>>> print(open('target-v9.cif').read())   # mmCIF, C-alpha atoms and all ligand atoms
data_data
loop_
_atom_site.group_PDB
_atom_site.id
_atom_site.type_symbol
_atom_site.label_atom_id
_atom_site.label_comp_id
_atom_site.auth_asym_id
_atom_site.auth_seq_id
_atom_site.Cartn_x
_atom_site.Cartn_y
_atom_site.Cartn_z
ATOM 1 C CA MET Y 64 113.443 120.348 99.828
ATOM 2 C CA ILE Y 65 110.350 118.715 101.257
ATOM 3 C CA PHE Y 66 110.469 116.271 104.152
ATOM 4 C CA ILE Y 67 107.868 114.006 105.722
ATOM 5 C CA ASP Y 68 107.892 113.077 109.391
ATOM 6 C CA THR Y 69 106.254 109.658 109.131
ATOM 7 C CA HIS Y 70 105.873 109.130 112.887
ATOM 8 C CA THR Y 71 105.232 111.866 115.424
ATOM 9 C CA HIS Y 72 102.992 112.135 118.501
ATOM 10 C CA LEU Y 73 102.213 115.859 118.375
ATOM 11 C CA TYR Y 74 99.021 115.474 120.410
ATOM 12 C CA LEU Y 75 100.865 114.482 123.619
ATOM 13 C CA GLU Y 76 100.957 116.829 126.595
ATOM 14 C CA GLU Y 77 104.683 117.564 126.144
ATOM 15 C CA PHE Y 78 103.601 119.945 123.349
ATOM 16 C CA GLU Y 79 100.847 121.658 125.337
ATOM 17 C CA PRO Y 80 102.723 124.961 125.836
ATOM 18 C CA ASP Y 81 103.647 125.640 122.190
ATOM 19 C CA ARG Y 82 101.978 123.071 119.943
ATOM 20 C CA HIS Y 83 101.000 125.419 117.111
ATOM 21 C CA GLN Y 84 104.333 127.263 117.001
ATOM 22 C CA MET Y 85 106.083 123.889 116.990
ATOM 23 C CA VAL Y 86 104.052 122.804 113.928
ATOM 24 C CA GLU Y 87 104.808 126.135 112.211
ATOM 25 C CA ARG Y 88 108.526 125.619 112.920
ATOM 26 C CA ALA Y 89 108.357 122.195 111.253
ATOM 27 C CA ILE Y 90 106.622 123.561 108.143
ATOM 28 C CA GLU Y 91 109.208 126.329 107.984
ATOM 29 C CA ALA Y 92 111.995 123.706 108.137
ATOM 30 C CA GLY Y 93 110.480 121.994 105.056
ATOM 31 C CA VAL Y 94 108.624 119.246 106.919
ATOM 32 C CA LYS Y 95 105.476 119.526 104.866
ATOM 33 C CA TYR Y 96 103.643 116.455 106.125
ATOM 34 C CA MET Y 97 103.475 115.004 109.609
ATOM 35 C CA MET Y 98 101.904 111.569 110.078
ATOM 36 C CA LEU Y 99 100.393 110.902 113.517
ATOM 37 C CA PRO Y 100 100.238 107.307 114.766
ATOM 38 C CA ASN Y 101 97.570 106.734 117.383
ATOM 39 C CA ILE Y 102 98.272 105.251 120.835
ATOM 40 C CA ASP Y 103 94.873 104.244 122.278
ATOM 41 C CA GLY Y 104 91.351 105.509 123.027
ATOM 42 C CA THR Y 105 92.649 108.483 125.004
ATOM 43 C CA SER Y 106 94.711 109.933 122.146
ATOM 44 C CA VAL Y 107 92.205 109.782 119.255
ATOM 45 C CA HIS Y 108 90.367 113.043 119.984
ATOM 46 C CA PRO Y 109 93.423 115.241 120.609
ATOM 47 C CA MET Y 110 94.977 113.726 117.468
ATOM 48 C CA LEU Y 111 91.951 114.460 115.263
ATOM 49 C CA GLU Y 112 91.642 117.949 116.743
ATOM 50 C CA LEU Y 113 95.187 118.764 115.617
ATOM 51 C CA CYS Y 114 94.552 117.300 112.144
ATOM 52 C CA LYS Y 115 91.545 119.611 111.868
ATOM 53 C CA THR Y 116 93.709 122.645 112.692
ATOM 54 C CA PHE Y 117 96.357 121.756 110.057
ATOM 55 C CA PRO Y 118 94.416 119.720 107.441
ATOM 56 C CA ASP Y 119 97.019 120.227 104.675
ATOM 57 C CA ASN Y 120 99.985 119.131 106.778
ATOM 58 C CA ILE Y 121 98.957 116.697 109.511
ATOM 59 C CA MET Y 122 97.364 113.306 108.849
ATOM 60 C CA PRO Y 123 96.041 110.756 111.355
ATOM 61 C CA MET Y 124 96.486 107.008 111.653
ATOM 62 C CA ILE Y 125 94.481 104.677 113.862
ATOM 63 C CA GLY Y 126 95.528 101.720 115.990
ATOM 64 C CA LEU Y 127 96.362 100.385 119.433
ATOM 65 C CA HIS Y 128 99.924 100.691 120.777
ATOM 66 C CA PRO Y 129 101.316 97.465 122.305
ATOM 67 C CA THR Y 130 101.982 99.133 125.673
ATOM 68 C CA SER Y 131 98.280 100.096 125.779
ATOM 69 C CA VAL Y 132 97.155 96.470 125.364
ATOM 70 C CA LYS Y 133 95.521 95.743 128.750
ATOM 71 C CA GLU Y 134 92.415 93.937 130.045
ATOM 72 C CA ASN Y 135 90.114 96.029 127.819
ATOM 73 C CA TYR Y 136 92.039 95.495 124.579
ATOM 74 C CA MET Y 137 89.100 93.912 122.742
ATOM 75 C CA ASP Y 138 87.001 97.043 123.390
ATOM 76 C CA GLN Y 139 89.896 99.197 122.222
ATOM 77 C CA LEU Y 140 90.178 97.200 118.990
ATOM 78 C CA ALA Y 141 86.424 97.462 118.429
ATOM 79 C CA ALA Y 142 86.764 101.240 118.791
ATOM 80 C CA VAL Y 143 89.555 101.241 116.184
ATOM 81 C CA GLU Y 144 87.222 99.455 113.764
ATOM 82 C CA CYS Y 145 84.448 101.983 114.417
ATOM 83 C CA TRP Y 146 86.835 104.827 113.655
ATOM 84 C CA LEU Y 147 87.866 103.201 110.376
ATOM 85 C CA LEU Y 148 84.244 103.164 109.272
ATOM 86 C CA ASP Y 149 83.812 106.771 110.325
ATOM 87 C CA ARG Y 150 86.556 108.714 108.498
ATOM 88 C CA LYS Y 151 89.785 108.566 106.506
ATOM 89 C CA PHE Y 152 93.000 107.396 108.177
ATOM 90 C CA TYR Y 153 96.387 107.042 106.478
ATOM 91 C CA GLY Y 154 97.721 103.977 108.250
ATOM 92 C CA ILE Y 155 97.145 101.346 110.963
ATOM 93 C CA GLY Y 156 99.246 101.896 114.063
ATOM 94 C CA GLU Y 157 101.141 102.099 115.894
ATOM 95 C CA CYS Y 158 100.924 98.419 116.685
ATOM 96 C CA GLY Y 159 103.339 95.564 117.291
ATOM 97 C CA MET Y 160 104.998 93.957 120.296
ATOM 98 C CA ASP Y 161 106.821 95.511 123.244
ATOM 99 C CA PHE Y 162 108.503 93.146 125.714
ATOM 100 C CA TYR Y 163 110.590 95.854 127.372
ATOM 101 C CA TRP Y 164 108.133 97.577 129.692
ATOM 102 C CA ASP Y 165 105.794 94.805 130.735
ATOM 103 C CA LYS Y 166 105.269 91.190 129.775
ATOM 104 C CA THR Y 167 101.904 90.698 131.510
ATOM 105 C CA PHE Y 168 99.919 90.909 128.282
ATOM 106 C CA VAL Y 169 102.282 89.243 125.831
ATOM 107 C CA ASN Y 170 99.594 86.911 124.437
ATOM 108 C CA GLU Y 171 97.086 89.744 124.157
ATOM 109 C CA GLN Y 172 99.726 91.863 122.400
ATOM 110 C CA GLU Y 173 100.051 89.177 119.772
ATOM 111 C CA ILE Y 174 96.282 88.890 119.287
ATOM 112 C CA ALA Y 175 95.974 92.681 118.992
ATOM 113 C CA PHE Y 176 98.861 92.833 116.526
ATOM 114 C CA ARG Y 177 97.401 90.100 114.316
ATOM 115 C CA HIS Y 178 94.026 91.813 114.420
ATOM 116 C CA GLN Y 179 95.547 95.097 113.253
ATOM 117 C CA ILE Y 180 97.434 93.316 110.453
ATOM 118 C CA ASP Y 181 94.034 92.072 109.241
ATOM 119 C CA LEU Y 182 92.677 95.630 109.368
ATOM 120 C CA ALA Y 183 95.654 96.955 107.385
ATOM 121 C CA LYS Y 184 94.977 94.355 104.709
ATOM 122 C CA ALA Y 185 91.235 94.919 104.646
ATOM 123 C CA TYR Y 186 91.566 98.709 104.352
ATOM 124 C CA LYS Y 187 94.732 98.555 102.200
ATOM 125 C CA LEU Y 188 96.599 100.811 104.630
ATOM 126 C CA PRO Y 189 100.261 100.737 105.641
ATOM 127 C CA LEU Y 190 101.019 99.019 108.958
ATOM 128 C CA ILE Y 191 103.160 100.978 111.430
ATOM 129 C CA VAL Y 192 105.093 98.417 113.453
ATOM 130 C CA HIS Y 193 106.525 99.058 116.917
ATOM 131 C CA ILE Y 194 109.194 96.594 118.012
ATOM 132 C CA ARG Y 195 110.948 96.556 121.351
ATOM 133 C CA GLU Y 196 112.916 93.456 122.322
ATOM 134 C CA SER Y 197 110.546 91.526 120.069
ATOM 135 C CA PHE Y 198 112.133 91.549 116.617
ATOM 136 C CA ASN Y 199 112.094 87.779 116.049
ATOM 137 C CA GLU Y 200 108.521 87.408 117.316
ATOM 138 C CA VAL Y 201 107.291 90.214 115.049
ATOM 139 C CA ILE Y 202 109.108 88.804 111.993
ATOM 140 C CA LYS Y 203 107.615 85.386 112.703
ATOM 141 C CA ILE Y 204 104.082 86.787 112.815
ATOM 142 C CA LEU Y 205 104.565 88.872 109.680
ATOM 143 C CA LYS Y 206 105.975 85.867 107.795
ATOM 144 C CA ASP Y 207 103.036 83.863 109.011
ATOM 145 C CA VAL Y 208 100.379 86.281 107.763
ATOM 146 C CA ASN Y 209 102.183 88.173 105.043
ATOM 147 C CA LYS Y 210 100.716 88.634 101.643
ATOM 148 C CA PRO Y 211 102.258 90.788 98.947
ATOM 149 C CA GLU Y 212 99.637 93.490 99.568
ATOM 150 C CA LEU Y 213 100.810 94.168 103.139
ATOM 151 C CA GLN Y 214 103.138 97.170 103.365
ATOM 152 C CA GLY Y 215 104.296 99.370 106.163
ATOM 153 C CA ILE Y 216 107.118 100.712 108.262
ATOM 154 C CA PHE Y 217 109.381 99.168 110.874
ATOM 155 C CA HIS Y 218 109.211 102.235 113.081
ATOM 156 C CA CYS Y 219 112.375 103.460 114.826
ATOM 157 C CA PHE Y 220 114.528 100.900 113.070
ATOM 158 C CA SER Y 221 118.053 100.553 114.461
ATOM 159 C CA GLY Y 222 118.993 96.958 113.723
ATOM 160 C CA SER Y 223 121.625 95.006 111.822
ATOM 161 C CA VAL Y 224 121.939 94.627 108.049
ATOM 162 C CA GLU Y 225 120.460 91.176 108.365
ATOM 163 C CA GLN Y 226 117.433 92.450 110.287
ATOM 164 C CA ALA Y 227 116.986 95.271 107.771
ATOM 165 C CA ARG Y 228 116.930 92.735 104.941
ATOM 166 C CA GLN Y 229 114.373 90.596 106.758
ATOM 167 C CA ALA Y 230 112.044 93.602 107.088
ATOM 168 C CA ILE Y 231 112.591 94.669 103.468
ATOM 169 C CA ASP Y 232 111.959 91.129 102.187
ATOM 170 C CA LEU Y 233 108.547 91.300 103.854
ATOM 171 C CA GLY Y 234 107.756 94.475 101.870
ATOM 172 C CA PHE Y 235 108.403 96.937 104.683
ATOM 173 C CA SER Y 236 110.256 100.249 104.763
ATOM 174 C CA LEU Y 237 112.616 101.256 107.568
ATOM 175 C CA GLY Y 238 111.681 104.310 109.660
ATOM 176 C CA LEU Y 239 114.871 106.157 110.624
ATOM 177 C CA GLY Y 240 114.883 108.594 113.504
ATOM 178 C CA GLY Y 241 117.088 110.266 116.082
ATOM 179 C CA VAL Y 242 118.888 107.042 117.028
ATOM 180 C CA THR Y 243 120.581 107.143 113.592
ATOM 181 C CA THR Y 244 122.447 110.287 114.726
ATOM 182 C CA PHE Y 245 123.691 108.844 118.045
ATOM 183 C CA LYS Y 246 127.376 108.010 118.349
ATOM 184 C CA ASN Y 247 128.430 104.392 117.751
ATOM 185 C CA ASN Y 248 124.987 103.117 116.758
ATOM 186 C CA LYS Y 249 124.483 100.093 114.521
ATOM 187 C CA MET Y 250 122.730 102.065 111.796
ATOM 188 C CA GLN Y 251 125.945 103.727 110.694
ATOM 189 C CA GLU Y 252 127.110 100.353 109.360
ATOM 190 C CA THR Y 253 123.663 99.039 108.366
ATOM 191 C CA LEU Y 254 122.844 102.102 106.259
ATOM 192 C CA LYS Y 255 125.848 101.583 104.011
ATOM 193 C CA HIS Y 256 124.231 98.381 102.724
ATOM 194 C CA ILE Y 257 120.615 99.516 102.418
ATOM 195 C CA ASP Y 258 119.254 101.365 99.390
ATOM 196 C CA LEU Y 259 117.530 104.737 99.855
ATOM 197 C CA LYS Y 260 114.351 103.343 98.325
ATOM 198 C CA HIS Y 261 113.680 101.432 101.559
ATOM 199 C CA LEU Y 262 113.993 104.409 103.914
ATOM 200 C CA VAL Y 263 111.562 106.935 105.403
ATOM 201 C CA LEU Y 264 112.243 109.582 108.043
ATOM 202 C CA GLU Y 265 110.569 109.976 111.429
ATOM 203 C CA THR Y 266 111.109 111.736 114.739
ATOM 204 C CA ASP Y 267 108.866 109.766 117.153
ATOM 205 C CA ALA Y 268 108.539 113.175 118.850
ATOM 206 C CA PRO Y 269 108.516 114.011 121.712
ATOM 207 C CA PHE Y 270 110.876 111.033 122.214
ATOM 208 C CA LEU Y 271 114.385 110.223 120.929
ATOM 209 C CA ALA Y 272 115.602 113.652 119.829
ATOM 210 C CA PRO Y 273 118.512 113.535 117.355
ATOM 211 C CA MET Y 274 121.949 114.989 118.082
ATOM 212 C CA PRO Y 275 122.641 117.697 119.203
ATOM 213 C CA HIS Y 276 119.293 117.733 121.054
ATOM 214 C CA ARG Y 277 119.628 114.224 122.506
ATOM 215 C CA GLY Y 278 117.814 113.869 125.836
ATOM 216 C CA LYS Y 279 115.594 116.910 125.241
ATOM 217 C CA ARG Y 280 112.092 117.124 123.773
ATOM 218 C CA ASN Y 281 112.024 116.061 120.136
ATOM 219 C CA GLU Y 282 109.978 117.823 117.411
ATOM 220 C CA PRO Y 283 109.404 117.423 113.646
ATOM 221 C CA ALA Y 284 111.547 120.484 112.808
ATOM 222 C CA TYR Y 285 114.547 118.244 113.626
ATOM 223 C CA ILE Y 286 113.856 115.913 110.659
ATOM 224 C CA PRO Y 287 116.573 117.585 108.503
ATOM 225 C CA LEU Y 288 119.184 116.620 111.146
ATOM 226 C CA ILE Y 289 118.353 112.955 110.551
ATOM 227 C CA ALA Y 290 118.507 113.445 106.761
ATOM 228 C CA GLU Y 291 121.903 115.136 107.111
ATOM 229 C CA LYS Y 292 123.284 112.195 109.085
ATOM 230 C CA ILE Y 293 122.018 109.677 106.501
ATOM 231 C CA ALA Y 294 123.570 111.784 103.724
ATOM 232 C CA GLU Y 295 126.888 111.839 105.605
ATOM 233 C CA ILE Y 296 126.898 108.067 106.203
ATOM 234 C CA LYS Y 297 125.996 107.256 102.596
ATOM 235 C CA GLY Y 298 128.224 109.952 101.090
ATOM 236 C CA ILE Y 299 125.397 111.623 99.143
ATOM 237 C CA SER Y 300 123.626 114.995 99.288
ATOM 238 C CA VAL Y 301 120.853 115.902 101.741
ATOM 239 C CA GLU Y 302 118.692 116.741 98.710
ATOM 240 C CA GLU Y 303 118.952 113.156 97.498
ATOM 241 C CA VAL Y 304 117.946 111.845 100.921
ATOM 242 C CA ALA Y 305 115.029 114.299 101.115
ATOM 243 C CA GLN Y 306 113.762 113.482 97.659
ATOM 244 C CA ALA Y 307 113.954 109.704 98.025
ATOM 245 C CA THR Y 308 112.514 109.463 101.544
ATOM 246 C CA THR Y 309 109.699 111.908 100.729
ATOM 247 C CA GLU Y 310 108.776 109.999 97.577
ATOM 248 C CA ASN Y 311 108.850 106.702 99.475
ATOM 249 C CA ALA Y 312 106.577 108.068 102.195
ATOM 250 C CA MET Y 313 104.143 109.697 99.758
ATOM 251 C CA LYS Y 314 103.781 106.440 97.874
ATOM 252 C CA LEU Y 315 103.322 104.402 101.036
ATOM 253 C CA PHE Y 316 100.719 106.745 102.567
ATOM 254 C CA ARG Y 317 99.171 107.567 99.159
ATOM 255 C CA ILE Y 318 99.556 111.302 99.610
ATOM 256 C CA ALA Y 319 99.009 113.160 96.348
ATOM 257 C CA ASN Y 320 101.660 115.761 95.575
ATOM 258 C CA HIS Y 321 99.605 118.885 94.989
ATOM 259 C CA GLU Y 322 102.524 120.873 93.624
ATOM 260 C CA THR Y 323 103.483 118.420 90.892
ATOM 261 C CA MET Y 324 99.865 117.503 90.132
ATOM 262 C CA GLU Y 325 98.686 121.089 89.690
ATOM 263 C CA PRO Y 326 97.395 121.334 86.100
ATOM 264 C CA ALA Y 327 99.437 123.774 84.015
ATOM 265 C CA SER Y 328 96.292 125.135 82.362
ATOM 266 C CA GLY Y 329 95.213 126.618 85.687
ATOM 267 C CA GLY Y 330 92.169 124.367 85.907
ATOM 268 C CA GLN Y 331 90.646 122.851 89.017
ATOM 269 C CA SER Y 332 93.149 121.289 91.471
ATOM 270 C CA PRO Y 333 92.760 117.616 92.243
ATOM 271 C CA ALA Y 334 90.583 116.732 95.200
ATOM 272 C CA LYS Y 335 92.273 117.372 98.551
ATOM 273 C CA HIS Y 336 92.942 114.474 100.826
ATOM 274 C CA ASN Y 337 90.783 115.736 103.631
HETATM 275 ZN ZN ZN N 401 105.540 106.119 118.378
#
>>> encode(input="target-v9.cif", output="structure tokens", more="lines below")
Ligand SMILES: [Zn+2]
Amino acid sequence: MIFIDTHTHLYLEEFEPDRHQMVERAIEAGVKYMMLPNIDGTSVHPMLELCKTFPDNIMPMIGLHPTSVKENYMDQLAAVECWLLDRKFYGIGECGMDFYWDKTFVNEQEIAFRHQIDLAKAYKLPLIVHIRESFNEVIKILKDVNKPELQGIFHCFSGSVEQARQAIDLGFSLGLGGVTTFKNNKMQETLKHIDLKHLVLETDAPFLAPMPHRGKRNEPAYIPLIAEKIAEIKGISVEEVAQATTENAMKLFRIANHETMEPASGGQSPAKHN
């Protein structure tokens, strides 16, 4: 079984003491690819450094997180554009709207979000959307600007069936993480009505660890715990969950599957993604 953690912040200081062992643990647990969403100008270099250390397993994205939208957001967005011209990234994000922590820059958050939607379209990259107490606002913006070519993930999705359908109708996948494993959460009902083809897995590490690690530091090696919970809710095997969510993520991020693409004749492998 191969898993993909589509959203993990492995460059944060919480992983300072054991970052490399933690990545090895994830690979050992079958989590072959880890996708890193960016936060802001301070996280780009540590993120790219880690991608350089594990080029076959860890892939970067670029964007500006809504809680990092402050006075200098235009400079931050200009820096994102420079990075896009400079090297390959696998997605735009994370971006979106967060009304939970601070509402000072609500208007700027919307401008920054719209700007990053334009970048996702221009570069044909998936958009990684962060929503906190802003679901209706985000849906409104996406409806406003959406074109069939825009794809992405509603990161850390934990909403109702109706909200799930709204996201799916806009061409987005649902990123399921640790919250799915918490007792009495909405997803246990929602998931029964949503097809596997719309789901991808994520940890959002170091945050939101799944049961039984709730409240502790999260890490990508816990991805199978989320898959197991989805399998239990839907009454299917973990293998089915792994296969579908991995395929969905590989398609979305355009990651070539080296194993299945390896030519049988023993010829040259296809070009690597890095
Ligand atoms: Zn995140």
>>> residues_near_ligand(input="target-v9.cif", ligand="ligand ZN 401 (chain N)", cutoff="8 Å", atoms="only C-alpha atoms and all ligand atoms", output="JSON list (two decimals) with C-alpha atoms, keeping the file's coordinate frame")
[["chain", "number", "residue", "atom", "x", "y", "z"],
["Y", 70, "HIS", "CA", 105.87, 109.13, 112.89],
["Y", 71, "THR", "CA", 105.23, 111.87, 115.42],
["Y", 72, "HIS", "CA", 102.99, 112.14, 118.50],
["Y", 100, "PRO", "CA", 100.24, 107.31, 114.77],
["Y", 102, "ILE", "CA", 98.27, 105.25, 120.84],
["Y", 157, "GLU", "CA", 101.14, 102.10, 115.89],
["Y", 193, "HIS", "CA", 106.52, 99.06, 116.92],
["Y", 218, "HIS", "CA", 109.21, 102.24, 113.08],
["Y", 267, "ASP", "CA", 108.87, 109.77, 117.15],
["Y", 268, "ALA", "CA", 108.54, 113.18, 118.85]]
>>> closest_residue(input="target-v9.cif", among="Y:Gln251, Y:Ser221, Y:Gln139, Y:Gln214", to="Ala183 of chain Y", atoms="only C-alpha atoms")
Y:Gln214
>>> residues_near_point(input="target-v9.cif", point="(90.7, 111.2, 115.6)", cutoff="9 Å", atoms="all atoms listed in the file", output="list in words")
Asn101, Ser106, Val107, His108, Pro109, Met110, Leu111, Glu112, Leu113, Cys114, Pro123, Met124, Ile125, Trp146, Arg150 and Phe152 of chain Y
>>> write_last_selection(input="target-v9.cif", atoms="C-alpha atoms", output="mmCIF file, in the frame of the given file")
data_model
loop_
_atom_site.group_PDB
_atom_site.id
_atom_site.type_symbol
_atom_site.label_atom_id
_atom_site.label_comp_id
_atom_site.auth_asym_id
_atom_site.auth_seq_id
_atom_site.Cartn_x
_atom_site.Cartn_y
_atom_site.Cartn_z
ATOM 1 C CA ASN Y 101 97.570 106.734 117.383
ATOM 2 C CA SER Y 106 94.711 109.933 122.146
ATOM 3 C CA VAL Y 107 92.205 109.782 119.255
ATOM 4 C CA HIS Y 108 90.367 113.043 119.984
ATOM 5 C CA PRO Y 109 93.423 115.241 120.609
ATOM 6 C CA MET Y 110 94.977 113.726 117.468
ATOM 7 C CA LEU Y 111 91.951 114.460 115.263
ATOM 8 C CA GLU Y 112 91.642 117.949 116.743
ATOM 9 C CA LEU Y 113 95.187 118.764 115.617
ATOM 10 C CA CYS Y 114 94.552 117.300 112.144
ATOM 11 C CA PRO Y 123 96.041 110.756 111.355
ATOM 12 C CA MET Y 124 96.486 107.008 111.653
ATOM 13 C CA ILE Y 125 94.481 104.677 113.862
ATOM 14 C CA TRP Y 146 86.835 104.827 113.655
ATOM 15 C CA ARG Y 150 86.556 108.714 108.498
ATOM 16 C CA PHE Y 152 93.000 107.396 108.177
#
>>> axis_aligned_box(input="target-v9.cif", around="segment 201-207 of chain Y", padding_each_side="8 Å", output="AutoDock Vina command-line options")
--center_x 106.1 --center_y 87.0 --center_z 111.4 --size_x 22.1 --size_y 22.4 --size_z 23.3
>>> atom_distance(input="target-v9.cif", atom1="atom CA of Leu264 of chain Y", atom2="atom CA of Ile204 of chain Y")
24.7 Å
>>> atom_distance(input="target-v9.cif", atom1="atom CA of Ile299 of chain Y", atom2="atom CA of His256 of chain Y")
13.8 Å
>>> closest_residue(input="target-v9.cif", among="Y:Leu288, Y:Ala89, Y:Leu254, Y:Val192", to="Met160 of chain Y", atoms="only C-alpha atoms")
Y:Val192
>>> atom_distance(input="target-v9.cif", atom1="atom CA of Glu265 of chain Y", atom2="atom CA of Gly298 of chain Y")
20.5 Å
>>> closest_residue(input="target-v9.cif", among="Y:Lys249, Y:Lys260, Y:Lys151, Y:Lys206", to="Tyr186 of chain Y", atoms="only C-alpha atoms")
Y:Lys151
>>> residues_around(input="target-v9.cif", residues="Asn135 of chain Y", least_positions_apart="2", cutoff="12 Å", atoms="all atoms listed in the file", output="PyMOL selection string")
chain Y and resi 103-104+127+131-133+137-142+168+171-172+175
>>> residues_around(input="target-v9.cif", residues="Pro273 of chain Y", least_positions_apart="6", cutoff="10 Å", atoms="only C-alpha atoms", output="short mmCIF file (atom, residue, chain, number, x, y, z; two decimals) with C-alpha atoms, in the coordinates of the input")
data_model
loop_
_atom_site.label_atom_id
_atom_site.label_comp_id
_atom_site.auth_asym_id
_atom_site.auth_seq_id
_atom_site.Cartn_x
_atom_site.Cartn_y
_atom_site.Cartn_z
CA GLY Y 240 114.88 108.59 113.50
CA GLY Y 241 117.09 110.27 116.08
CA VAL Y 242 118.89 107.04 117.03
CA THR Y 243 120.58 107.14 113.59
CA THR Y 244 122.45 110.29 114.73
CA PHE Y 245 123.69 108.84 118.04
CA THR Y 266 111.11 111.74 114.74
CA LYS Y 279 115.59 116.91 125.24
CA ARG Y 280 112.09 117.12 123.77
CA ASN Y 281 112.02 116.06 120.14
CA GLU Y 282 109.98 117.82 117.41
CA TYR Y 285 114.55 118.24 113.63
CA ILE Y 286 113.86 115.91 110.66
CA PRO Y 287 116.57 117.58 108.50
CA LEU Y 288 119.18 116.62 111.15
CA ILE Y 289 118.35 112.96 110.55
CA LYS Y 292 123.28 112.20 109.08
#
>>> residues_around(input="target-v9.cif", residues="Gln229 of chain Y", least_positions_apart="5", cutoff="9 Å", atoms="all atoms listed in the file", output="number ranges by chain")
Y: 202, 224, 235
>>> closest_residue(input="target-v9.cif", among="Y:Asp149, Y:Glu91, Y:Glu173, Y:Asp181", to="Ile65 of chain Y", atoms="all atoms listed in the file")
Y:Glu91
>>> residues_around(input="target-v9.cif", residues="Ser223 of chain Y", least_positions_apart="3", cutoff="7 Å", atoms="all atoms listed in the file", output="ChimeraX atom specification")
/Y:226-227,249,253
>>> decode(input="target-v9.cif", residues="segment 186-199 of chain Y", atoms="N, CA, C and O atoms", output="CSV table (one decimal), in the first residue's frame")
chain,number,residue,atom,x,y,z
Y,186,TYR,N,-0.6,28.9,-13.9
Y,186,TYR,CA,0.4,27.8,-13.9
Y,186,TYR,C,-0.2,26.4,-13.9
Y,186,TYR,O,0.5,25.4,-13.8
Y,187,LYS,N,-1.5,26.4,-14.0
Y,187,LYS,CA,-2.2,25.1,-14.1
Y,187,LYS,C,-1.8,24.2,-12.9
Y,187,LYS,O,-1.5,23.0,-13.1
Y,188,LEU,N,-1.9,24.7,-11.7
Y,188,LEU,CA,-1.5,24.0,-10.5
Y,188,LEU,C,-2.7,23.9,-9.6
Y,188,LEU,O,-3.6,24.8,-9.6
Y,189,PRO,N,-2.8,22.8,-8.8
Y,189,PRO,CA,-3.9,22.7,-7.8
Y,189,PRO,C,-3.8,23.8,-6.7
Y,189,PRO,O,-2.7,24.2,-6.3
Y,190,LEU,N,-5.0,24.2,-6.3
Y,190,LEU,CA,-5.1,25.3,-5.3
Y,190,LEU,C,-5.4,24.6,-3.9
Y,190,LEU,O,-6.4,23.9,-3.8
Y,191,ILE,N,-4.6,24.9,-2.9
Y,191,ILE,CA,-4.8,24.3,-1.6
Y,191,ILE,C,-5.5,25.3,-0.7
Y,191,ILE,O,-4.9,26.3,-0.4
Y,192,VAL,N,-6.7,25.0,-0.4
Y,192,VAL,CA,-7.6,26.1,0.2
Y,192,VAL,C,-7.7,25.8,1.7
Y,192,VAL,O,-8.2,24.7,2.2
Y,193,HIS,N,-7.4,26.8,2.5
Y,193,HIS,CA,-7.5,26.8,3.9
Y,193,HIS,C,-8.8,27.6,4.3
Y,193,HIS,O,-9.0,28.8,3.9
Y,194,ILE,N,-9.7,27.0,5.1
Y,194,ILE,CA,-10.9,27.6,5.4
Y,194,ILE,C,-11.1,27.5,6.9
Y,194,ILE,O,-11.0,26.5,7.5
Y,195,ARG,N,-11.3,28.7,7.6
Y,195,ARG,CA,-11.6,28.6,9.0
Y,195,ARG,C,-12.7,29.7,9.3
Y,195,ARG,O,-12.4,30.9,9.2
Y,196,GLU,N,-13.9,29.2,9.7
Y,196,GLU,CA,-15.0,30.1,9.9
Y,196,GLU,C,-15.2,31.0,8.7
Y,196,GLU,O,-15.6,32.2,8.8
Y,197,SER,N,-15.0,30.5,7.5
Y,197,SER,CA,-15.1,31.3,6.3
Y,197,SER,C,-15.6,30.5,5.1
Y,197,SER,O,-15.4,30.9,3.9
Y,198,PHE,N,-16.4,29.4,5.4
Y,198,PHE,CA,-16.8,28.5,4.3
Y,198,PHE,C,-17.6,29.2,3.2
Y,198,PHE,O,-17.3,29.2,2.0
Y,199,ASN,N,-18.6,30.0,3.6
Y,199,ASN,CA,-19.5,30.6,2.7
Y,199,ASN,C,-18.8,31.7,1.8
Y,199,ASN,O,-19.0,31.8,0.6
